[in-house]
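Content type compact mmCIF, C-alpha atoms and all ligand atoms, from the file protein.txt:
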```
# COMPACT_ATOMS: atom_id res chain seq x y z
CA MET N 403 73.53 86.74 117.91
CA ASN N 404 74.53 89.86 116.00
CA ASN N 405 71.79 92.50 115.98
CA GLU N 406 73.09 95.01 113.41
CA PHE N 407 70.23 93.96 111.13
CA ASP N 408 66.90 92.20 111.64
CA PHE N 409 68.44 88.80 110.93
CA PRO N 410 65.45 86.60 111.82
CA ARG N 411 63.39 88.45 109.21
CA ILE N 412 66.20 88.56 106.62
CA VAL N 413 67.15 84.88 106.98
CA ALA N 414 63.46 83.93 106.72
CA GLN N 415 63.43 85.33 103.15
CA PHE N 416 65.76 82.59 101.91
CA CYS N 417 64.91 79.01 100.96
CA ILE N 418 66.31 77.26 104.01
CA GLY N 419 64.51 75.22 106.62
CA GLY N 420 64.98 74.99 110.37
CA THR N 421 65.26 77.60 113.08
CA LEU N 422 67.82 80.38 113.21
CA THR N 423 70.06 79.84 116.24
CA ASP N 424 72.99 82.20 115.60
CA CYS N 425 74.39 84.86 113.29
CA ILE N 426 77.87 86.32 113.78
CA ARG N 427 80.21 88.56 111.78
CA TYR N 428 82.61 86.40 109.84
CA GLY N 429 85.85 86.56 107.82
CA GLU N 430 88.19 89.42 107.03
CA GLY N 431 86.95 90.77 103.72
CA HIS N 432 87.36 94.51 103.17
CA ILE N 433 84.24 95.05 101.08
CA ASN N 434 81.02 93.24 102.02
CA ASP N 435 79.54 92.64 105.49
CA THR N 436 79.81 88.89 105.95
CA PHE N 437 77.92 86.83 108.56
CA LYS N 438 77.90 83.15 109.44
CA VAL N 439 74.34 81.96 109.99
CA THR N 440 73.61 78.84 112.06
CA THR N 441 70.28 77.05 111.95
CA LYS N 442 68.93 73.85 113.50
CA GLU N 443 67.19 71.65 110.95
CA GLY N 444 65.74 68.40 112.30
CA GLY N 445 68.31 68.22 115.08
CA ARG N 446 71.16 68.99 112.65
CA GLU N 447 73.22 72.18 112.75
CA MET N 448 73.47 73.89 109.36
CA HIS N 449 75.60 76.90 108.35
CA TYR N 450 75.24 79.54 105.67
CA ILE N 451 77.11 82.67 104.64
CA LEU N 452 74.93 85.77 104.55
CA GLN N 453 76.38 88.90 102.99
CA ARG N 454 75.14 92.44 102.98
CA ILE N 455 76.32 93.52 99.57
CA ASN N 456 78.32 96.73 99.49
CA ASP N 457 75.91 98.70 97.30
CA ARG N 458 77.92 101.93 97.62
CA LEU N 459 80.54 100.17 95.52
CA PHE N 460 78.26 97.87 93.52
CA SER N 461 75.67 100.47 92.62
CA ASP N 462 73.77 98.08 90.33
CA VAL N 463 73.24 95.01 92.51
CA ALA N 464 71.03 93.33 89.88
CA LYS N 465 73.92 93.38 87.38
CA LEU N 466 76.40 92.18 90.00
CA MET N 467 74.15 89.27 90.95
CA HIS N 468 73.49 88.43 87.29
CA ASN N 469 77.26 87.91 86.95
CA ILE N 470 77.50 85.85 90.14
CA GLU N 471 74.60 83.61 89.11
CA LEU N 472 76.17 82.90 85.74
CA VAL N 473 79.65 82.28 87.08
CA THR N 474 78.53 80.06 89.99
CA GLU N 475 76.28 77.99 87.70
CA PHE N 476 79.09 77.65 85.18
CA CYS N 477 81.54 76.51 87.87
CA GLN N 478 79.03 74.04 89.27
CA ARG N 479 78.50 72.42 85.89
CA SER N 480 82.25 72.06 85.41
CA VAL N 481 82.73 70.50 88.85
CA GLU N 482 79.86 68.07 88.20
CA LYS N 483 81.40 67.10 84.86
CA ARG N 484 84.67 66.15 86.55
CA GLY N 485 82.76 64.18 89.23
CA GLY N 486 83.41 66.64 92.07
CA ASP N 487 81.12 67.95 94.82
CA PRO N 488 79.67 71.29 93.64
CA LEU N 489 78.49 72.23 97.17
CA ARG N 490 82.08 72.18 98.45
CA GLU N 491 84.06 73.01 95.34
CA CYS N 492 82.14 76.13 94.27
CA LEU N 493 80.07 78.89 95.72
CA THR N 494 76.36 77.93 95.75
CA LEU N 495 73.77 80.68 95.98
CA VAL N 496 70.71 80.04 98.16
CA ARG N 497 67.71 81.58 96.42
CA THR N 498 65.06 83.64 98.13
CA LYS N 499 61.55 82.25 98.55
CA ALA N 500 60.63 84.56 95.67
CA GLY N 501 63.18 82.71 93.51
CA LYS N 502 65.70 85.56 93.34
CA ALA N 503 69.45 85.50 93.84
CA TYR N 504 69.32 88.30 96.45
CA TYR N 505 66.90 89.98 98.83
CA SER N 506 66.39 93.69 99.39
CA ASP N 507 64.51 95.12 102.35
CA GLY N 508 64.36 98.46 100.54
CA LYS N 509 67.52 99.70 102.28
CA ASN N 510 70.05 96.89 102.10
CA TYR N 511 70.82 94.02 99.76
CA PHE N 512 71.56 90.52 101.06
CA ARG N 513 72.67 87.29 99.42
CA MET N 514 73.19 83.86 100.91
CA TYR N 515 75.65 81.09 100.06
CA VAL N 516 75.93 77.50 101.22
CA PHE N 517 78.71 77.43 103.84
CA ILE N 518 81.74 75.47 102.65
CA GLU N 519 82.37 73.20 105.64
CA ASP N 520 85.70 71.84 106.90
CA ALA N 521 87.68 74.32 104.87
CA THR N 522 89.65 77.48 105.64
CA SER N 523 90.50 80.70 103.86
CA TYR N 524 93.90 81.74 105.21
CA GLN N 525 94.99 85.30 105.94
CA SER N 526 98.64 84.48 105.37
CA VAL N 527 100.70 81.65 103.97
CA ARG N 528 101.27 78.91 106.60
CA ASP N 529 103.48 76.80 104.40
CA LYS N 530 104.61 76.56 100.81
CA GLN N 531 102.29 73.70 100.00
CA ASP N 532 99.19 75.79 100.82
CA PHE N 533 100.41 78.58 98.63
CA TYR N 534 101.16 76.16 95.81
CA GLU N 535 97.60 74.81 96.16
CA SER N 536 96.11 78.31 95.97
CA ALA N 537 98.14 78.93 92.79
CA VAL N 538 96.74 75.74 91.27
CA ALA N 539 93.20 76.83 92.25
CA PHE N 540 93.49 80.25 90.64
CA GLY N 541 95.32 78.81 87.62
CA ASN N 542 92.53 76.25 87.14
CA PHE N 543 89.93 78.96 87.59
CA ALA N 544 91.57 81.01 84.82
CA ASN N 545 91.69 77.92 82.64
CA LEU N 546 88.01 77.24 83.30
CA LEU N 547 86.98 80.83 82.57
CA ALA N 548 88.66 80.61 79.17
CA GLU N 549 85.52 78.63 78.16
CA PHE N 550 83.16 81.24 79.59
CA ASP N 551 81.35 83.57 77.22
CA ALA N 552 82.59 87.02 78.29
CA SER N 553 79.80 88.82 76.43
CA GLN N 554 77.30 87.56 79.05
CA LEU N 555 78.99 89.49 81.85
CA TYR N 556 78.48 93.10 82.91
CA GLU N 557 81.63 95.03 83.72
CA VAL N 558 80.37 95.97 87.19
CA LEU N 559 83.48 97.89 88.21
CA PRO N 560 84.86 99.39 85.01
CA ASP N 561 88.61 100.06 84.91
CA PHE N 562 89.08 98.04 88.09
CA HIS N 563 92.78 97.39 87.41
CA ASN N 564 93.41 100.30 85.10
CA THR N 565 96.46 101.57 86.98
CA ARG N 566 96.51 104.85 84.99
CA LYS N 567 92.93 105.59 86.10
CA ARG N 568 93.81 104.62 89.66
CA TYR N 569 96.70 107.10 89.46
CA SER N 570 94.36 109.89 88.26
CA ASN N 571 92.00 109.11 91.16
CA PHE N 572 94.95 109.30 93.52
CA GLU N 573 96.03 112.71 92.16
CA ALA N 574 92.43 113.96 92.40
CA ALA N 575 92.31 112.85 96.05
CA VAL N 576 95.59 114.67 96.77
CA GLN N 577 94.27 117.86 95.14
CA LYS N 578 90.93 117.66 96.96
CA ASP N 579 92.51 116.70 100.28
CA ALA N 580 89.01 116.19 101.70
CA CYS N 581 90.20 115.46 105.26
CA GLY N 582 93.29 117.70 105.41
CA ARG N 583 95.51 114.59 105.62
CA ALA N 584 97.77 115.29 102.61
CA LYS N 585 100.34 117.23 104.64
CA GLU N 586 100.94 114.22 106.93
CA VAL N 587 101.67 111.95 104.00
CA ASP N 588 103.84 114.06 101.73
CA GLU N 589 106.55 111.37 101.67
CA GLU N 590 104.06 108.69 100.63
CA ILE N 591 102.60 110.97 97.96
CA ALA N 592 106.11 111.65 96.65
CA TRP N 593 106.81 107.89 96.59
CA VAL N 594 103.69 107.18 94.49
CA ARG N 595 104.58 110.01 92.09
CA ALA N 596 108.19 108.83 91.78
CA HIS N 597 106.89 105.42 90.65
CA GLY N 598 104.18 106.86 88.36
CA GLY N 599 106.10 105.63 85.32
CA LEU N 600 105.00 102.08 86.17
CA CYS N 601 101.30 102.80 85.55
CA GLY N 602 101.25 102.02 81.84
CA LYS N 603 103.10 98.68 81.92
CA LEU N 604 100.03 96.44 81.65
CA VAL N 605 97.33 98.88 80.50
CA ASP N 606 99.41 99.85 77.46
CA ALA N 607 100.15 96.20 76.61
CA ILE N 608 96.40 95.52 76.65
CA GLU N 609 95.60 98.62 74.58
CA ARG N 610 98.27 97.68 72.02
CA LYS N 611 96.75 94.17 71.99
CA GLU N 612 100.10 92.65 72.99
CA ILE N 613 98.24 90.69 75.67
CA PRO N 614 94.59 89.60 75.49
CA LEU N 615 91.71 90.67 77.70
CA ARG N 616 90.23 87.54 79.25
CA VAL N 617 87.58 86.84 81.87
CA THR N 618 89.53 86.93 85.12
CA HIS N 619 88.84 86.88 88.87
CA ASN N 620 90.56 90.20 89.62
CA ASP N 621 90.78 89.71 93.41
CA THR N 622 92.99 86.65 93.87
CA LYS N 623 94.01 87.10 97.49
CA LEU N 624 94.80 83.95 99.45
CA ASN N 625 91.71 84.57 101.60
CA ASN N 626 89.53 84.28 98.50
CA VAL N 627 90.31 80.58 98.11
CA MET N 628 89.15 77.81 100.47
CA LEU N 629 91.57 74.98 101.32
CA ASP N 630 90.26 71.62 102.55
CA ASN N 631 91.09 71.17 106.26
CA ALA N 632 91.58 67.42 105.88
CA THR N 633 93.69 67.23 102.72
CA GLY N 634 95.18 70.73 102.50
CA LYS N 635 94.11 70.76 98.84
CA ALA N 636 92.47 73.82 97.28
CA LEU N 637 88.71 73.36 97.18
CA ALA N 638 86.96 76.47 95.90
CA VAL N 639 87.65 79.94 94.58
CA ILE N 640 85.29 82.40 96.30
CA ASP N 641 84.52 86.17 96.25
CA LEU N 642 83.33 86.34 92.65
CA ASP N 643 82.21 90.00 92.75
CA THR N 644 85.00 91.12 90.46
CA VAL N 645 84.89 88.41 87.78
CA MET N 646 85.18 90.66 84.72
CA PRO N 647 87.37 91.23 81.69
CA GLY N 648 90.97 91.51 82.87
CA SER N 649 94.45 90.09 82.44
CA LEU N 650 96.08 86.91 83.73
CA CYS N 651 98.87 89.23 84.89
CA TYR N 652 96.41 90.94 87.26
CA ASP N 653 95.33 87.65 88.81
CA PHE N 654 98.86 86.31 89.11
CA GLY N 655 100.11 89.66 90.46
CA ASP N 656 97.44 90.10 93.10
CA SER N 657 98.17 86.67 94.57
CA ILE N 658 101.87 87.51 94.77
CA ARG N 659 101.10 90.89 96.35
CA PHE N 660 99.19 89.30 99.21
CA GLY N 661 100.81 85.88 99.62
CA CYS N 662 104.52 86.72 99.24
CA ASN N 663 104.42 89.22 102.09
CA SER N 664 106.32 87.95 105.16
CA ALA N 665 103.82 89.87 107.31
CA ALA N 666 100.15 90.86 107.25
CA GLU N 667 98.82 93.32 104.67
CA ASP N 668 98.30 95.82 107.53
CA GLU N 669 101.46 95.13 109.59
CA PRO N 670 102.40 98.47 111.21
CA ASP N 671 106.01 97.36 111.92
CA LEU N 672 107.67 97.63 108.52
CA SER N 673 110.81 95.82 109.70
CA LYS N 674 108.66 92.65 109.51
CA VAL N 675 107.51 93.28 105.93
CA HIS N 676 109.50 91.56 103.21
CA PHE N 677 108.90 90.17 99.75
CA VAL N 678 109.53 86.40 100.00
CA PHE N 679 111.10 85.42 96.70
CA ASP N 680 110.92 81.73 97.48
CA LEU N 681 107.12 81.92 97.79
CA TYR N 682 106.98 83.81 94.50
CA LYS N 683 108.74 80.87 92.82
CA THR N 684 106.35 78.43 94.51
CA TYR N 685 103.27 80.30 93.28
CA LEU N 686 104.72 80.72 89.79
CA GLY N 687 105.25 76.96 89.50
CA GLY N 688 101.71 76.15 90.67
CA TYR N 689 100.06 78.80 88.51
CA LEU N 690 101.90 77.87 85.30
CA SER N 691 101.20 74.18 85.86
CA ALA N 692 97.44 74.84 86.04
CA VAL N 693 96.70 77.83 83.82
CA GLY N 694 97.00 75.75 80.66
CA SER N 695 98.81 76.17 77.40
CA GLY N 696 96.65 79.14 76.37
CA ILE N 697 98.87 81.61 78.22
CA THR N 698 100.90 83.56 75.66
CA ALA N 699 104.64 84.22 75.71
CA LYS N 700 104.00 87.93 76.25
CA GLU N 701 101.66 87.25 79.18
CA LYS N 702 104.33 85.06 80.74
CA GLU N 703 106.93 87.77 80.22
CA LEU N 704 104.68 90.31 81.95
CA LEU N 705 103.77 88.14 84.98
CA PRO N 706 106.47 89.74 87.18
CA TRP N 707 105.19 93.16 86.15
CA GLY N 708 101.74 91.99 87.26
CA ALA N 709 103.17 91.44 90.75
CA VAL N 710 104.77 94.90 90.88
CA LEU N 711 101.77 96.67 89.33
CA MET N 712 99.08 95.06 91.49
CA THR N 713 101.11 95.89 94.62
CA TYR N 714 101.78 99.46 93.52
CA GLU N 715 98.14 99.93 92.53
CA CYS N 716 96.81 98.47 95.78
CA GLY N 717 99.13 100.65 97.89
CA MET N 718 98.00 103.68 95.88
CA ARG N 719 94.33 102.71 96.45
CA PHE N 720 94.91 102.41 100.23
CA LEU N 721 96.61 105.83 100.27
CA THR N 722 93.81 107.34 98.14
CA ASP N 723 91.23 105.95 100.57
CA TYR N 724 93.19 107.38 103.49
CA LEU N 725 93.16 110.81 101.81
CA GLU N 726 89.44 110.51 101.09
CA GLY N 727 88.61 109.65 104.72
CA ASP N 728 88.51 105.81 104.67
CA THR N 729 85.28 105.44 102.75
CA TYR N 730 86.09 102.41 100.55
CA PHE N 731 87.99 99.71 102.47
CA ARG N 732 86.69 98.60 105.86
CA THR N 733 89.12 99.93 108.51
CA HIS N 734 89.48 98.84 112.14
CA CYS N 735 91.69 101.58 113.59
CA LYS N 736 92.99 105.06 112.88
CA GLY N 737 95.63 105.03 110.15
CA HIS N 738 94.68 101.49 109.06
CA ASN N 739 94.71 102.35 105.36
CA LEU N 740 98.01 104.15 105.79
CA ASP N 741 99.59 101.09 107.44
CA ARG N 742 98.30 99.03 104.53
CA ALA N 743 99.74 101.49 101.99
CA HIS N 744 103.15 101.35 103.70
CA THR N 745 103.37 97.54 103.46
CA GLN N 746 102.55 97.67 99.75
CA PHE N 747 105.17 100.33 99.04
CA ARG N 748 107.80 98.33 100.94
CA LEU N 749 106.94 95.24 98.89
CA VAL N 750 107.22 97.15 95.60
CA ASP N 751 110.66 98.43 96.60
CA GLU N 752 111.81 94.91 97.43
CA MET N 753 110.29 93.41 94.26
CA LEU N 754 112.05 96.01 92.12
CA GLY N 755 115.26 95.20 94.01
CA CYS N 756 115.14 91.60 92.76
CA PHE N 757 113.19 92.11 89.54
CA GLU N 758 115.72 90.40 87.27
CA LYS N 759 115.55 87.30 89.47
CA MET N 760 111.75 87.42 89.22
CA GLN N 761 112.01 87.52 85.42
CA GLU N 762 114.64 84.76 85.37
CA ALA N 763 112.31 82.50 87.37
CA VAL N 764 109.63 82.78 84.65
CA LYS N 765 112.11 81.83 81.94
P1 LIG N 801 84.67 90.34 100.71
O1 LIG N 801 84.19 90.68 99.33
O2 LIG N 801 84.26 91.35 101.72
O3 LIG N 801 86.12 90.04 100.72
P2 LIG N 801 84.18 87.45 100.73
O4 LIG N 801 83.12 87.00 99.77
O5 LIG N 801 85.59 87.25 100.34
O6 LIG N 801 83.89 88.99 101.12
O7 LIG N 801 83.90 86.73 102.13
C1 LIG N 801 84.63 87.08 103.30
C2 LIG N 801 85.14 85.81 103.99
O8 LIG N 801 84.01 84.98 104.36
C3 LIG N 801 86.02 84.92 103.14
O9 LIG N 801 87.38 85.33 103.20
C4 LIG N 801 85.81 83.55 103.79
O10 LIG N 801 86.59 83.43 104.97
C5 LIG N 801 84.34 83.61 104.21
N1 LIG N 801 83.44 82.98 103.22
C6 LIG N 801 82.87 83.56 102.15
N2 LIG N 801 82.07 82.70 101.48
C7 LIG N 801 82.13 81.53 102.16
C8 LIG N 801 81.51 80.23 102.01
N3 LIG N 801 80.65 80.00 101.01
N4 LIG N 801 81.80 79.26 102.91
C9 LIG N 801 82.65 79.51 103.95
N5 LIG N 801 83.26 80.69 104.15
C10 LIG N 801 83.02 81.70 103.27
C1 LIG N 802 89.42 94.10 98.56
O1 LIG N 802 87.02 92.07 98.99
P1 LIG N 802 88.41 91.73 99.36
O2 LIG N 802 88.76 92.04 100.78
O3 LIG N 802 88.71 90.32 98.95
C2 LIG N 802 89.37 94.74 97.18
C3 LIG N 802 90.59 94.29 96.36
C4 LIG N 802 91.87 94.68 97.10
C5 LIG N 802 91.84 94.04 98.47
C6 LIG N 802 93.03 94.48 99.30
C7 LIG N 802 86.15 94.78 95.22
O4 LIG N 802 89.33 92.69 98.43
O5 LIG N 802 90.56 94.93 95.10
O6 LIG N 802 93.00 94.22 96.39
O7 LIG N 802 90.64 94.43 99.21
N1 LIG N 802 88.14 94.36 96.49
C8 LIG N 802 87.39 95.28 95.84
O8 LIG N 802 93.17 93.62 100.38
O9 LIG N 802 87.72 96.48 95.76
MG MG N 803 87.23 88.52 99.88
```
This entry written out as structure tokens:
Amino acid sequence: MNNEFDFPRIVAQFCIGGTLTDCIRYGEGHINDTFKVTTKEGGREMHYILQRINDRLFSDVAKLMHNIELVTEFCQRSVEKRGGDPLRECLTLVRTKAGKAYYSDGKNYFRMYVFIEDATSYQSVRDKQDFYESAVAFGNFANLLAEFDASQLYEVLPDFHNTRKRYSNFEAAVQKDACGRAKEVDEEIAWVRAHGGLCGKLVDAIERKEIPLRVTHNDTKLNNVMLDNATGKALAVIDLDTVMPGSLCYDFGDSIRFGCNSAAEDEPDLSKVHFVFDLYKTYLGGYLSAVGSGITAKEKELLPWGAVLMTYECGMRFLTDYLEGDTYFRTHCKGHNLDRAHTQFRLVDEMLGCFEKMQEAVK
């Protein structure tokens, strides 16, 4: 049993029966602290996901949880309508005994979800079919959210994928050099600056209204979708913290960034890191088949730019965090954020090396 927090007392705040038998750290998310809770209820073992919400990042937890409540309820209604199982095909919040969507002990904020059983969120693509399934899941999710009333949502992390703003933050971190690390990474800083011209590609298209702002997921990594262990089919899209106004190109691009890497996001040996064009084509096919006819010609044209931009932006965010002393993304070793930045930069170089082919595939 993990003892970082007073779990018996925290778990007792939520509307679940039985006795707590275990609580362990779980998953590989970079943002929240996630735990798998096991209880015994009438001889039966039950599991839940308990998360300590990252309130340094989500400074207004009430607004964040307002969004999550609305989006989970909306998804559940849609799954019910199509005759599916909402407890497996969507995230389900477990309320507190006080009827709230989260619990605060005055210091930390916790939320609980029903554990999606017999399903896996993968850290890398095992085979093409899985990746195709994840594309269908995120495409369907985008399609579903087209019906969602955006005005009900708070923009909890404004400018989340505004690459220009991310670039300004990066430059500010270089100037401040809070940990004296800038001198070690002058080549990486030069690389980001040399590619600075990319920053406006999507932001400008949105500002000029060439592509619409929609309600999007904004964090479409493969490990934010659960695949059914028995059928291999995509079950549920999870990690709804960043559902906000955004672009389809962000969602498409972030999946490509993570899934079309031949190695892990934090692989230190760059000779293993390659952009896998074949997987890009697989995802593209799955996503376009599911996203619906609402996608515009301009959005389609900009999908490959989404892949480049999300990868560039993410690498820049890892490098910025490294310069700022690793305060944003959870790190497990020295230089972890720098290793992550290197993989992203390598992927951008390789994507740009075959960019025409990426555009051709969309056509
Ligand atoms: P983070 O925001 O830190 O990425 P996530 O919400 O993505 O946190 O959760 C981290 C991991 O926990 C996921 O990648 C997944 O493996 C697991 N997980 C999250 N919610 C559930 C759930 N309801 N059922 C089963 N596993 C889950
Ligand atoms: C974070 O929460 P998680 O691990 O799914 C981050 C994403 C990054 C990703 C990089 C809220 O995602 O934006 O692309 O790490 N989420 C937030 O792996 O910042
Ligand atoms: Mg996640």
Quiz item: Counting all atoms listed in the file, what residues are within 9 Å of ligand MG 803 (chain N), given as a list in words?
Solution: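 These are the residues that qualify: Gly429, Glu430, Gly431, His432, Ile433, Asn434, Asp621, Thr622, Lys623, Leu624, Asn625, Asn626, Val627, Ile640, Asp641, Leu642 and Asp643 of chain N.
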5 Å per side around ligand LIG 802 (chain N): axis-aligned box centre and edge lengths, as lines of an AutoDock Vina configuration file:
```
center_x = 89.7
center_y = 93.4
center_z = 97.9
size_x = 17.0
size_y = 16.2
size_z = 15.7
```
Quiz item: Of the candidates N:Ala592, N:Ala539, N:Val693, N:Leu466, which one gets nearest to ligand LIG 802 (chain N) if we count all atoms listed in the file?
Solution: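 Of all the options, N:Leu466 lies closest to ligand LIG 802 (chain N).
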Quiz item: Using only C-alpha atoms, which residue out of N:Val750, N:Ala414, N:Val639, N:Ala743 lies closest to Leu600 of chain N?
Solution: N:Val750
Report as JSON lines: every residue of segment 531-565 of chain N with an atom at most 12 Å from segment 697-720 of chain N, its closest pair of atoms, and their distance in Å to one decimal, counting all atoms listed in the file, with rows sorted by chain and ascending residue number.
```
{"residue": "N:Gly541", "atom": "CA", "partner": "N:Ile697", "partner_atom": "CA", "distance": 10.4}
{"residue": "N:Ala544", "atom": "CA", "partner": "N:Ile697", "partner_atom": "CA", "distance": 9.9}
{"residue": "N:Asn545", "atom": "CA", "partner": "N:Ile697", "partner_atom": "CA", "distance": 9.2}
{"residue": "N:Ala548", "atom": "CA", "partner": "N:Ile697", "partner_atom": "CA", "distance": 10.3}
{"residue": "N:Phe562", "atom": "CA", "partner": "N:Glu715", "partner_atom": "CA", "distance": 10.3}
{"residue": "N:His563", "atom": "CA", "partner": "N:Glu715", "partner_atom": "CA", "distance": 7.8}
{"residue": "N:Asn564", "atom": "CA", "partner": "N:Glu715", "partner_atom": "CA", "distance": 8.8}
{"residue": "N:Thr565", "atom": "CA", "partner": "N:Glu715", "partner_atom": "CA", "distance": 6.0}
```
Practice problem: Could you please determine the separation between atom CA of Thr441 of chain N and atom C7 of ligand LIG 802 (chain N) in Å, to one decimal place? | Solution: 29.1 Å
Quiz item: What is the atom CA of His597 of chain N-atom CA of Gln525 of chain N distance in Å, reported with one decimal?
Solution: 27.9 Å
Quiz prompt | Which residue of N:Tyr685, N:Tyr450, N:Tyr569, N:Tyr652 approaches ligand LIG 802 (chain N) most closely, using all atoms listed in the file | solution = N:Tyr652
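Ranking N:Phe654, N:Tyr511, N:Tyr534, N:Phe517 by their shortest atom-to-atom distance to Pro488 of chain N, with only C-alpha atoms included, puts N:Phe517 first.
Note that the spacing between atom CA of Met646 of chain N and atom CA of Leu559 of chain N amounts to 8.2 Å.
Using only C-alpha atoms, the shortest contact distance between Asp408 of chain N and any of N:Cys425, N:Ala666, N:Met514, N:Val645 is found at N:Cys425.
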Quiz item: Taking only C-alpha atoms into account, which of N:Leu690, N:Arg595, N:Asn469, N:Asp520 comes nearest Ala632 of chain N?
Solution: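 Checking each of N:Leu690, N:Arg595, N:Asn469, N:Asp520 against Ala632 of chain N, counting only C-alpha atoms, the winner is N:Asp520.
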Exercise. Would you kindly return, as a PyMOL selection string, each protein, DNA or RNA residue with an atom no farther than 12 Å from any atom of Arg742 of chain N, considering all atoms listed in the file and excluding same-chain residues fewer than 2 positions away?
Key: chain N and resi 432+590+659-660+663+665-672+675+713-714+716-724+728+731-740+744-749
